[in-house]
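What follows is a short report on a single structure.
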Amino acid sequence: MRAFPVRSAAALAIPLVLLAGACGSGDPGTITIVAHDSFTPSEGIFDAFTDRTGLRVEVVRAGDAGQVVTAAGLTPGNPVGDVLWGADTTLLSRAIDDGIFEPYESPNLAAMPPDVVATVPGREATPVDTGEVCINYDIGWFASRGTEPPATFEDLADPRMRDLLVVPSPLTSSPGLAFLLGTIAEFGDGWEAYWQRLRDNGLLVVDGWTEAYTVEFSGSSGAGPRPIVVSYATSPPAEVLFADPPVDEAPTAVATATCTQQVEYAGILRGTDQPDGARLLIDFLTGPEFQADLPLTQFVHPVRRDVALPDAFVRWAARPADPIRLDADAVSANRSAWLERWTDLVLR
Amino acid sequence: MYPRAPRLLWWLPTGAVGLFCIVPFVALAARAIGPDWPARALGTPALRQVWWFTTWQAAASTALALAVALPVTWALARHRVPGGRALTAWLTVPFFLPSVVVGAAFLALLPRTMHGTAPAILLAHAWCNLAVVVRIVGPRWASLDPRLGEAAATLGARPVAVARTVTAPLLAPAVASAAAVVFVLCFTSYGVVRVLGGASRMTVESEIVLRAVLLDDLPAAVSLAAMQFAVVGAAVLWWTARGTRATTRPVVRTSQHGARGDRTAATAAVVATAWLVVALPLAAIALRSVRIDGRLSLAGWRAIGGAADAVWASLANAALAAPLATAMGLAAAACASYGSRRWRGVEAVALAPVAISSVTIGLGIVVAWSSRPFDFRSAPWIVPVAHAVVALPIVVRTLVPVMRAIPSRLAEAAATLGAAPWRSWRTVHLPLLARPLAAAAALSVAVSIGEFGATSILGRRSGETLPVLIQRSLSRPGDIVQARAWALATLLVAVGAAAVAVADGRRR
């Protein structure tokens, strides 16, 4: 009788040790990228890297960008992989403060715009792509009514645009947050008054990008009632590339003066047992071949200036000359206060 | 009845919940919160508003789910319904759909005036949880001896009086069990509330995610999670204790044959309504997969390349998680039903995962199991094991009401005739448990196929599951990409329904 608990404990312990043994060993020939669920490069893109270096690449996906950085921040110095892909401007300061990255200065920085490189003076992470969050509008809606589409933030608060705008909540949506931060960068202390005017002008706030763009927006398959939405600068080419039947012109367009730039970064995870391989991989991720794969697989702009863009991007994607740039440190310091204030102003 | 069973089996559910739920939660709490956590969880009027909204919407959703599900439970349990098994599998489909799909389907179905309203949330919650009621109450209802009601009727009781004085008291424990599960699932619901409730309706779970992930305020998030654990845990314990008292009069029809009535106009109407209620939002999903700009188009279906891998990954997870959850649940239910009083604690432990916020479990596993040789953060087995732990409370609540109701006379008779405990259990109890075990396995398959919360933060090396693929497709622009998301959701409905039907198995 007495023996039972012992036997039970043994029954519990033995499989555990076996399981632990099965997963504990890091394979020296493999570099692991920890990425968010939207990291979807072309199949076989890493074959060239393997041919060149003899190292295989494995991708571990772990939720959205916020979750990936949050989880990495819980165990700095003891990473789950060797390289992290996907900390964006709003997450960068936090990732650096949590100490999850090991600095590395890639030779490829020379091929990137200096102002983007300047966003990480300590070189803790390396810029890999940029994406702009902008006001998108339904061209046909405005054309059929003979009215001007919005061009600026100010237009959105104009009584002509009453009940036309839908935005995803910055509390639960990454483009929603970028749009809010863009208005704060644009208006400074006047941002609260601006949102008050948006609210008085019939602004609709929904939970996420999916509800805003595919349910409420009139220019997408959801055929909703509102012709102005917060989305990406690359949404119009997606509407062309994935239209059925094929179309010659984009049904939607971007108000370029409202674009806020988000930079996405990759970094070497501190504590990796393969720092050399990780550096090689960062160079590959910022190399011409991988960068050229980004637009059509992930709908972002490559960070390198010397990469040719696909035709659809050249024709329909907005490339604002001077987008609003966010200060990662200011965002990190004020995010909670801003979001609380925004919630009081807009949701209550 | 089987006094040695708990001693043999307690470690299985306790170990799994302890390692993958309690230890992670405690590790996270020890790291993030101090003695002021209750104040941080309840301190401001805005937070108290969140608690109040979370509670009342869960209570109202539960009431609505019971009101819709009990009639069809009655029809399926008490009558020979053509296609009854198919209907049971069909009713389980909403339960495993990822919340982003449920939300989008209801947005497509409901008039715009209902978007962002509480009734939209209640309808979707009730729809998702029909299967919980049908599968927890159904086996108990089917096992009631109809002669009791007939006897009451012979003594002059009208049908309403029979229902009130005979059937209702006997069903009460199972109904309470189902209500507890639905209430807790709605209380901790995240995606459905977010999508349908609009940006301004926050639940406790969405506040936890907001604070943990976006605001980088882990102490506040874990304080809320600890309070949720305390409140929900206390509610579940109180509820199951009530259920225990009410089951002290076991009345079970031990013969499984010939007690079910034939179809009547009422059952036909109830069954037809049930098919329709489940079908409407699913039809909205299927329709969106073949309509682009108001025209018929199969472009979305032509673009579902890669889905075979995702189907395989989803099924592989379910194939590991469901047997594990069912075995752990059976062990916990055996401790609760066969053991002396002190073994009841095993059931409480097995119910714990339902009270712990899922994002906290994910973060806790990252904190607790990150050092070699116990680095489980991206181990290939961690996702199915986490699915099994998440499904465990539902399995336990499916099995316990039926197991407790099996009269001890049966096992005693078998023992008197010389049967060893294992043999008597296998020949006497196991056949009586066939239906609830099948239901439990089917519900765990459903949990595994649809699970998104606890596991999305755990590293996945293996192929992506269907819900992840759907979520990503839904969050990108382009008509074909959107149609593809709906085609994948339709595929998930078909694959999930088939997997659930297989888990249900052949009954008699």
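By order in the structure tokens, chains are A, B, ...; within a chain, residues start at 1; ligands start at 1, following the order shown.
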Ile45 of chain A environment, 10 Å, only C-alpha atoms, sequence neighbours closer than 2 positions dropped, as a PyMOL selection string: chain A and resi 41-43+47-50+57+289-290+293
Just N, CA and C atoms for this one: save the residues we selected as an mmCIF file, in the first residue's frame.
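Written output follows (again.cif):
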```
data_model
loop_
_atom_site.group_PDB
_atom_site.id
_atom_site.type_symbol
_atom_site.label_atom_id
_atom_site.label_comp_id
_atom_site.auth_asym_id
_atom_site.auth_seq_id
_atom_site.Cartn_x
_atom_site.Cartn_y
_atom_site.Cartn_z
ATOM 1 N N PRO A 41 7.603 34.297 -45.161
ATOM 2 C CA PRO A 41 8.442 34.406 -46.358
ATOM 3 C C PRO A 41 8.143 33.265 -47.324
ATOM 4 N N SER A 42 8.593 33.426 -48.571
ATOM 5 C CA SER A 42 8.371 32.383 -49.575
ATOM 6 C C SER A 42 8.987 31.071 -49.121
ATOM 7 N N GLU A 43 8.319 30.006 -49.520
ATOM 8 C CA GLU A 43 8.833 28.672 -49.225
ATOM 9 C C GLU A 43 10.221 28.505 -49.867
ATOM 10 N N ASP A 47 16.897 28.376 -48.454
ATOM 11 C CA ASP A 47 17.799 27.385 -49.066
ATOM 12 C C ASP A 47 19.127 28.025 -49.463
ATOM 13 N N ALA A 48 19.042 29.253 -49.974
ATOM 14 C CA ALA A 48 20.259 29.945 -50.396
ATOM 15 C C ALA A 48 21.182 30.169 -49.194
ATOM 16 N N PHE A 49 20.584 30.511 -48.062
ATOM 17 C CA PHE A 49 21.363 30.714 -46.832
ATOM 18 C C PHE A 49 22.049 29.408 -46.416
ATOM 19 N N THR A 50 21.293 28.311 -46.498
ATOM 20 C CA THR A 50 21.845 27.007 -46.120
ATOM 21 C C THR A 50 22.988 26.606 -47.054
ATOM 22 N N VAL A 57 17.685 26.799 -41.263
ATOM 23 C CA VAL A 57 16.905 27.820 -40.564
ATOM 24 C C VAL A 57 15.575 27.222 -40.155
ATOM 25 N N GLU A 289 18.336 39.589 -51.610
ATOM 26 C CA GLU A 289 17.447 38.498 -52.015
ATOM 27 C C GLU A 289 16.227 38.390 -51.104
ATOM 28 N N PHE A 290 16.467 38.362 -49.789
ATOM 29 C CA PHE A 290 15.355 38.242 -48.847
ATOM 30 C C PHE A 290 14.498 39.499 -48.865
ATOM 31 N N ASP A 293 11.883 39.659 -51.448
ATOM 32 C CA ASP A 293 10.770 38.727 -51.226
ATOM 33 C C ASP A 293 9.674 39.350 -50.355
#
```
Proximal residues of chain A relative to chain B (only C-alpha atoms; 7 Å) as an NGL selection string: :A and (4 or 8 or 20-21 or 23-24 or 38 or 59-63 or 66-68 or 70-71 or 74-75 or 80 or 169 or 171 or 205-207 or 209-210 or 220-221 or 235 or 238-239 or 242-244 or 336 or 347)
Store the residues picked out above, limited to N, CA, C and O atoms, as a short mmCIF file (atom, residue, chain, number, x, y, z; two decimals), in the first residue's frame.
```cif
data_model
loop_
_atom_site.label_atom_id
_atom_site.label_comp_id
_atom_site.auth_asym_id
_atom_site.auth_seq_id
_atom_site.Cartn_x
_atom_site.Cartn_y
_atom_site.Cartn_z
N PHE A 4 2.42 2.86 -3.29
CA PHE A 4 1.73 3.51 -4.40
C PHE A 4 2.20 4.92 -4.72
O PHE A 4 2.49 5.23 -5.88
N SER A 8 3.68 6.16 -8.22
CA SER A 8 3.04 7.23 -8.98
C SER A 8 4.03 8.33 -9.31
O SER A 8 4.08 8.85 -10.41
N ALA A 20 11.89 16.04 -21.49
CA ALA A 20 12.84 17.12 -21.37
C ALA A 20 14.06 16.83 -22.25
O ALA A 20 14.57 17.70 -22.96
N GLY A 21 14.51 15.58 -22.19
CA GLY A 21 15.68 15.21 -22.98
C GLY A 21 15.42 15.36 -24.46
O GLY A 21 16.31 15.75 -25.21
N CYS A 23 13.78 17.55 -25.99
CA CYS A 23 13.71 18.90 -26.55
C CYS A 23 14.82 19.81 -26.06
O CYS A 23 14.95 20.92 -26.53
N GLY A 24 15.62 19.35 -25.14
CA GLY A 24 16.56 20.25 -24.50
C GLY A 24 17.78 20.58 -25.33
O GLY A 24 18.41 21.61 -25.14
N SER A 38 2.59 36.53 -38.51
CA SER A 38 2.50 37.09 -39.86
C SER A 38 3.81 36.99 -40.64
O SER A 38 3.93 37.55 -41.72
N VAL A 59 11.85 28.20 -38.25
CA VAL A 59 11.01 29.31 -37.80
C VAL A 59 10.10 28.82 -36.68
O VAL A 59 9.41 27.82 -36.83
N VAL A 60 10.11 29.53 -35.54
CA VAL A 60 9.18 29.25 -34.45
C VAL A 60 8.24 30.44 -34.37
O VAL A 60 8.67 31.57 -34.17
N ARG A 61 6.94 30.21 -34.57
CA ARG A 61 5.98 31.32 -34.49
C ARG A 61 5.29 31.28 -33.14
O ARG A 61 4.95 30.22 -32.64
N ALA A 62 5.11 32.45 -32.56
CA ALA A 62 4.58 32.49 -31.18
C ALA A 62 3.67 33.69 -30.97
O ALA A 62 3.94 34.57 -30.18
N GLY A 63 2.54 33.72 -31.70
CA GLY A 63 1.55 34.76 -31.47
C GLY A 63 1.82 36.03 -32.26
O GLY A 63 2.58 36.02 -33.22
N GLY A 66 3.31 41.65 -30.30
CA GLY A 66 3.30 42.00 -28.88
C GLY A 66 3.57 40.79 -28.00
O GLY A 66 4.32 40.86 -27.03
N GLN A 67 2.95 39.67 -28.36
CA GLN A 67 3.14 38.46 -27.56
C GLN A 67 4.58 37.96 -27.66
O GLN A 67 5.15 37.50 -26.67
N VAL A 68 5.14 38.02 -28.87
CA VAL A 68 6.51 37.53 -29.06
C VAL A 68 7.48 38.34 -28.20
O VAL A 68 8.34 37.78 -27.50
N THR A 70 6.71 40.26 -25.56
CA THR A 70 6.38 40.05 -24.15
C THR A 70 7.03 38.77 -23.63
O THR A 70 7.65 38.75 -22.57
N ALA A 71 6.85 37.68 -24.39
CA ALA A 71 7.40 36.40 -23.95
C ALA A 71 8.92 36.45 -23.89
O ALA A 71 9.54 35.98 -22.92
N LEU A 74 10.31 38.08 -20.80
CA LEU A 74 10.21 37.37 -19.52
C LEU A 74 11.47 36.58 -19.21
O LEU A 74 11.75 36.29 -18.05
N THR A 75 12.22 36.19 -20.24
CA THR A 75 13.42 35.39 -20.01
C THR A 75 14.60 35.95 -20.81
O THR A 75 15.17 35.25 -21.64
N VAL A 80 14.50 31.44 -26.60
CA VAL A 80 13.92 30.23 -27.16
C VAL A 80 14.55 29.95 -28.54
O VAL A 80 14.52 28.85 -29.04
N SER A 169 -9.51 50.03 -32.92
CA SER A 169 -9.12 50.55 -31.62
C SER A 169 -7.62 50.41 -31.39
O SER A 169 -7.06 49.34 -31.60
N LEU A 171 -6.31 50.12 -28.66
CA LEU A 171 -6.12 49.21 -27.53
C LEU A 171 -5.90 47.77 -27.99
O LEU A 171 -5.30 46.97 -27.29
N VAL A 205 -15.42 53.51 -33.92
CA VAL A 205 -14.27 52.72 -33.48
C VAL A 205 -14.71 51.27 -33.35
O VAL A 205 -15.70 50.98 -32.69
N VAL A 206 -13.99 50.37 -34.01
CA VAL A 206 -14.29 48.94 -33.85
C VAL A 206 -13.06 48.25 -33.27
O VAL A 206 -12.00 48.86 -33.13
N ASP A 207 -13.22 46.96 -32.98
CA ASP A 207 -12.17 46.28 -32.24
C ASP A 207 -10.85 46.15 -33.00
O ASP A 207 -9.80 46.51 -32.51
N TRP A 209 -8.53 45.57 -37.01
CA TRP A 209 -8.42 45.91 -38.42
C TRP A 209 -9.43 45.10 -39.25
O TRP A 209 -10.05 45.61 -40.18
N THR A 210 -9.59 43.80 -38.90
CA THR A 210 -10.47 42.94 -39.68
C THR A 210 -11.90 43.48 -39.72
O THR A 210 -12.52 43.55 -40.78
N SER A 220 -13.90 47.32 -49.62
CA SER A 220 -13.40 45.95 -49.57
C SER A 220 -14.53 44.98 -49.85
O SER A 220 -15.66 45.37 -50.11
N SER A 221 -14.21 43.68 -49.76
CA SER A 221 -15.21 42.65 -50.05
C SER A 221 -16.40 42.72 -49.10
O SER A 221 -17.48 42.27 -49.42
N SER A 235 -2.28 48.49 -48.90
CA SER A 235 -3.58 47.84 -49.11
C SER A 235 -4.08 47.97 -50.55
O SER A 235 -4.62 47.00 -51.08
N ALA A 238 -2.81 45.24 -52.76
CA ALA A 238 -3.42 43.96 -52.39
C ALA A 238 -4.81 43.83 -53.01
O ALA A 238 -5.21 42.76 -53.45
N GLU A 239 -5.53 44.98 -53.07
CA GLU A 239 -6.87 44.94 -53.66
C GLU A 239 -6.80 44.66 -55.16
O GLU A 239 -7.75 44.14 -55.75
N PHE A 242 -5.27 40.69 -55.52
CA PHE A 242 -6.17 39.63 -55.07
C PHE A 242 -7.61 39.95 -55.43
O PHE A 242 -8.54 39.67 -54.67
N ALA A 243 -7.82 40.59 -56.59
CA ALA A 243 -9.18 40.87 -57.03
C ALA A 243 -9.68 39.72 -57.90
O ALA A 243 -8.89 39.04 -58.56
N ASP A 244 -10.96 39.50 -57.87
CA ASP A 244 -11.55 38.48 -58.74
C ASP A 244 -12.89 38.99 -59.22
O ASP A 244 -13.77 39.24 -58.41
N SER A 336 0.97 54.23 -22.07
CA SER A 336 -0.12 53.94 -21.14
C SER A 336 -0.97 55.17 -20.89
O SER A 336 -2.21 55.10 -20.94
N LEU A 347 -14.04 56.43 -26.00
CA LEU A 347 -14.89 55.26 -25.74
C LEU A 347 -15.92 55.48 -24.64
O LEU A 347 -16.92 54.78 -24.59
#
```
Secondary structure check, alpha helix (DSSP H) residues of segment 327-426 of chain B, as a ChimeraX atom specification: /B:327-338,344-355,358-368,382-405,408-416,421-424
Between atom CA of Val229 of chain A and atom CA of Tyr137 of chain A, distance in Å (one decimal): 6.3 Å
Spatial neighbours of segment 226-241 of chain B, max dist 9 Å, only C-alpha atoms, sep filter under 6 positions, as a list in words: Phe25, Ala29, Trp37, Pro38, Ala41, Leu42, Pro173, Ala176, Ser177, Ala180, Val181, Val184, Phe187, Thr188, Val204, Glu205, Ala348, Leu351, Ala352, Val354, Ala355, Ile356, Ser357 and Arg397 of chain B
Write a file of the just-selected residues containing C-alpha atoms, as an mmCIF file, in the first residue's frame.
```
data_model
loop_
_atom_site.group_PDB
_atom_site.id
_atom_site.type_symbol
_atom_site.label_atom_id
_atom_site.label_comp_id
_atom_site.auth_asym_id
_atom_site.auth_seq_id
_atom_site.Cartn_x
_atom_site.Cartn_y
_atom_site.Cartn_z
ATOM 1 C CA PHE B 25 0.680 30.642 -12.609
ATOM 2 C CA ALA B 29 2.501 35.625 -9.693
ATOM 3 C CA TRP B 37 -2.783 42.780 -5.803
ATOM 4 C CA PRO B 38 -6.452 42.884 -4.746
ATOM 5 C CA ALA B 41 -7.398 44.256 -9.552
ATOM 6 C CA LEU B 42 -10.404 46.152 -8.226
ATOM 7 C CA PRO B 173 -26.802 18.369 -10.839
ATOM 8 C CA ALA B 176 -25.769 22.971 -12.674
ATOM 9 C CA SER B 177 -22.620 21.357 -13.981
ATOM 10 C CA ALA B 180 -21.061 26.298 -14.376
ATOM 11 C CA VAL B 181 -18.960 25.378 -17.396
ATOM 12 C CA VAL B 184 -16.977 30.241 -16.769
ATOM 13 C CA PHE B 187 -16.736 34.864 -18.180
ATOM 14 C CA THR B 188 -13.272 34.255 -19.600
ATOM 15 C CA VAL B 204 -11.549 40.955 -17.398
ATOM 16 C CA GLU B 205 -9.752 38.701 -19.853
ATOM 17 C CA ALA B 348 -11.013 20.741 -7.712
ATOM 18 C CA LEU B 351 -11.137 22.158 -12.668
ATOM 19 C CA ALA B 352 -8.470 24.803 -12.010
ATOM 20 C CA VAL B 354 -10.895 26.846 -16.440
ATOM 21 C CA ALA B 355 -10.412 29.590 -13.858
ATOM 22 C CA ILE B 356 -6.944 30.689 -14.946
ATOM 23 C CA SER B 357 -6.767 33.275 -17.684
ATOM 24 C CA ARG B 397 -17.750 18.032 -15.572
#
```
Between atom CA of Met328 of chain B and atom CA of Pro13 of chain B - distance in Å to one decimal: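 One can read the atom CA of Pro13 of chain B to atom CA of Met328 of chain B distance as 4.9 Å.
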Option closest in space to Ala233 of chain A, from A:Arg162, A:Arg325, A:Arg94, A:His301 [counting only C-alpha atoms]: A:His301
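Counting only C-alpha atoms, Asp322 of chain A has the following residues at most 9 Å away, ignoring those fewer than 4 positions along the same chain: Thr256, Ala257 and Cys259 of chain A.
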Can those selected residues be exported to a file as an mmCIF file, in the first residue's frame so that it contains N, CA and C atoms?
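Saved as selection-v4.cif:
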```cif
data_model
loop_
_atom_site.group_PDB
_atom_site.id
_atom_site.type_symbol
_atom_site.label_atom_id
_atom_site.label_comp_id
_atom_site.auth_asym_id
_atom_site.auth_seq_id
_atom_site.Cartn_x
_atom_site.Cartn_y
_atom_site.Cartn_z
ATOM 1 N N THR A 256 -1.762 60.211 -48.570
ATOM 2 C CA THR A 256 -0.362 60.057 -48.164
ATOM 3 C C THR A 256 0.051 60.989 -47.028
ATOM 4 N N ALA A 257 -0.662 62.100 -46.874
ATOM 5 C CA ALA A 257 -0.279 63.021 -45.799
ATOM 6 C C ALA A 257 -0.606 62.453 -44.416
ATOM 7 N N CYS A 259 0.151 59.297 -43.501
ATOM 8 C CA CYS A 259 0.891 58.043 -43.288
ATOM 9 C C CYS A 259 1.864 58.135 -42.112
#
```
Which of segment 124-315 of chain B fall in strand (DSSP E or B), as number ranges by chain: B: 261, 291-292, 295-296
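A straight line drawn from atom CA of Ala303 of chain B to atom CA of Val290 of chain B is 11.8 Å long.
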Option closest in space to Ile285 of chain B, from B:Ala63, B:Ala325, B:Ala489, B:Ala75 [counting only C-alpha atoms]: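 Answer, going by the shortest atom-to-atom distance: B:Ala489.
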Residues within 9 Å of segment 183-197 of chain A, only C-alpha atoms, excluding chain neighbours under 2 positions, as an NGL selection string: :A and (153-154 or 157-158 or 178-181 or 199-203 or 258 or 260 or 324-327 or 338 or 341-342 or 345-346)
Any chance you can output those residues with N, CA, C and O atoms as a compact mmCIF listing (two decimals), in the first residue's frame?
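Wrote it out as part30.txt, contents follow:
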```txt
# COMPACT_ATOMS: atom_id res chain seq x y z
N PHE A 153 -5.30 64.88 -42.20
CA PHE A 153 -5.96 64.60 -40.92
C PHE A 153 -7.11 65.58 -40.71
O PHE A 153 -8.19 65.21 -40.24
N GLU A 154 -6.85 66.85 -41.06
CA GLU A 154 -7.84 67.90 -40.85
C GLU A 154 -9.15 67.58 -41.59
O GLU A 154 -10.24 67.79 -41.05
N ALA A 157 -11.95 65.57 -39.88
CA ALA A 157 -12.81 66.21 -38.89
C ALA A 157 -13.77 67.20 -39.52
O ALA A 157 -14.56 67.84 -38.84
N ASP A 158 -13.69 67.32 -40.87
CA ASP A 158 -14.56 68.26 -41.59
C ASP A 158 -15.99 67.71 -41.62
O ASP A 158 -16.19 66.52 -41.83
N ALA A 178 -0.87 52.71 -34.30
CA ALA A 178 0.02 53.55 -35.13
C ALA A 178 -0.71 54.82 -35.56
O ALA A 178 -0.12 55.91 -35.58
N PHE A 179 -2.00 54.69 -35.91
CA PHE A 179 -2.77 55.86 -36.34
C PHE A 179 -2.88 56.87 -35.19
O PHE A 179 -2.67 58.07 -35.38
N LEU A 180 -3.21 56.38 -33.98
CA LEU A 180 -3.31 57.27 -32.83
C LEU A 180 -1.96 57.97 -32.60
O LEU A 180 -1.91 59.19 -32.41
N LEU A 181 -0.87 57.19 -32.62
CA LEU A 181 0.45 57.79 -32.38
C LEU A 181 0.79 58.79 -33.47
O LEU A 181 1.42 59.82 -33.20
N ARG A 199 -14.66 62.47 -32.91
CA ARG A 199 -15.79 61.82 -32.26
C ARG A 199 -17.09 62.57 -32.58
O ARG A 199 -18.11 61.95 -32.91
N ASP A 200 -17.04 63.91 -32.47
CA ASP A 200 -18.24 64.69 -32.77
C ASP A 200 -18.65 64.54 -34.23
O ASP A 200 -19.81 64.77 -34.59
N ASN A 201 -17.68 64.15 -35.07
CA ASN A 201 -17.97 64.04 -36.50
C ASN A 201 -18.44 62.63 -36.89
O ASN A 201 -18.45 62.28 -38.06
N GLY A 202 -18.80 61.83 -35.90
CA GLY A 202 -19.39 60.52 -36.21
C GLY A 202 -18.37 59.42 -36.44
O GLY A 202 -18.63 58.46 -37.18
N LEU A 203 -17.22 59.52 -35.78
CA LEU A 203 -16.20 58.46 -35.87
C LEU A 203 -16.76 57.13 -35.36
O LEU A 203 -17.48 57.08 -34.37
N THR A 258 -1.35 61.35 -44.38
CA THR A 258 -1.73 60.78 -43.09
C THR A 258 -0.90 59.57 -42.73
O THR A 258 -1.22 58.86 -41.77
N THR A 260 1.80 57.13 -41.25
CA THR A 260 2.72 57.02 -40.13
C THR A 260 3.60 55.80 -40.37
O THR A 260 3.10 54.71 -40.64
N ILE A 324 5.09 60.42 -41.26
CA ILE A 324 5.28 60.75 -39.85
C ILE A 324 6.15 59.66 -39.24
O ILE A 324 5.88 58.46 -39.42
N ARG A 325 7.21 60.08 -38.55
CA ARG A 325 8.08 59.09 -37.91
C ARG A 325 7.87 59.16 -36.41
O ARG A 325 7.72 60.24 -35.86
N LEU A 326 7.86 57.99 -35.79
CA LEU A 326 7.58 57.95 -34.36
C LEU A 326 8.88 57.84 -33.58
O LEU A 326 9.84 57.21 -34.03
N ASP A 327 8.88 58.45 -32.41
CA ASP A 327 10.03 58.36 -31.52
C ASP A 327 9.78 57.21 -30.54
O ASP A 327 8.91 57.30 -29.67
N TRP A 338 -1.30 57.89 -22.73
CA TRP A 338 -2.04 58.28 -23.94
C TRP A 338 -3.26 57.38 -24.15
O TRP A 338 -4.34 57.86 -24.47
N ARG A 341 -6.00 58.17 -21.70
CA ARG A 341 -6.66 59.43 -22.05
C ARG A 341 -7.56 59.22 -23.29
O ARG A 341 -8.68 59.70 -23.35
N TRP A 342 -7.04 58.49 -24.27
CA TRP A 342 -7.82 58.24 -25.49
C TRP A 342 -9.10 57.47 -25.15
O TRP A 342 -10.17 57.76 -25.68
N LEU A 345 -11.58 59.78 -23.71
CA LEU A 345 -12.09 60.73 -24.69
C LEU A 345 -13.05 60.10 -25.69
O LEU A 345 -14.08 60.66 -26.02
N VAL A 346 -12.72 58.91 -26.16
CA VAL A 346 -13.40 58.37 -27.33
C VAL A 346 -14.38 57.25 -26.97
O VAL A 346 -15.43 57.12 -27.58
```
Exercise: Val230 of chain A partners within 10 Å, only C-alpha atoms, chain neighbours under 5 positions left out, as a list of chain:residue names: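 Surrounding residues, per the criterion: A:Val133, A:Cys134, A:Ile135, A:Asn136, A:Tyr137, A:Leu165, A:Val166, A:Val167, A:Pro168, A:Pro175, A:Gly176, A:Ala178, A:Phe179, A:Trp209, A:Ala212, A:Tyr213, A:Phe217, A:Val254, A:Thr258, A:Cys259.
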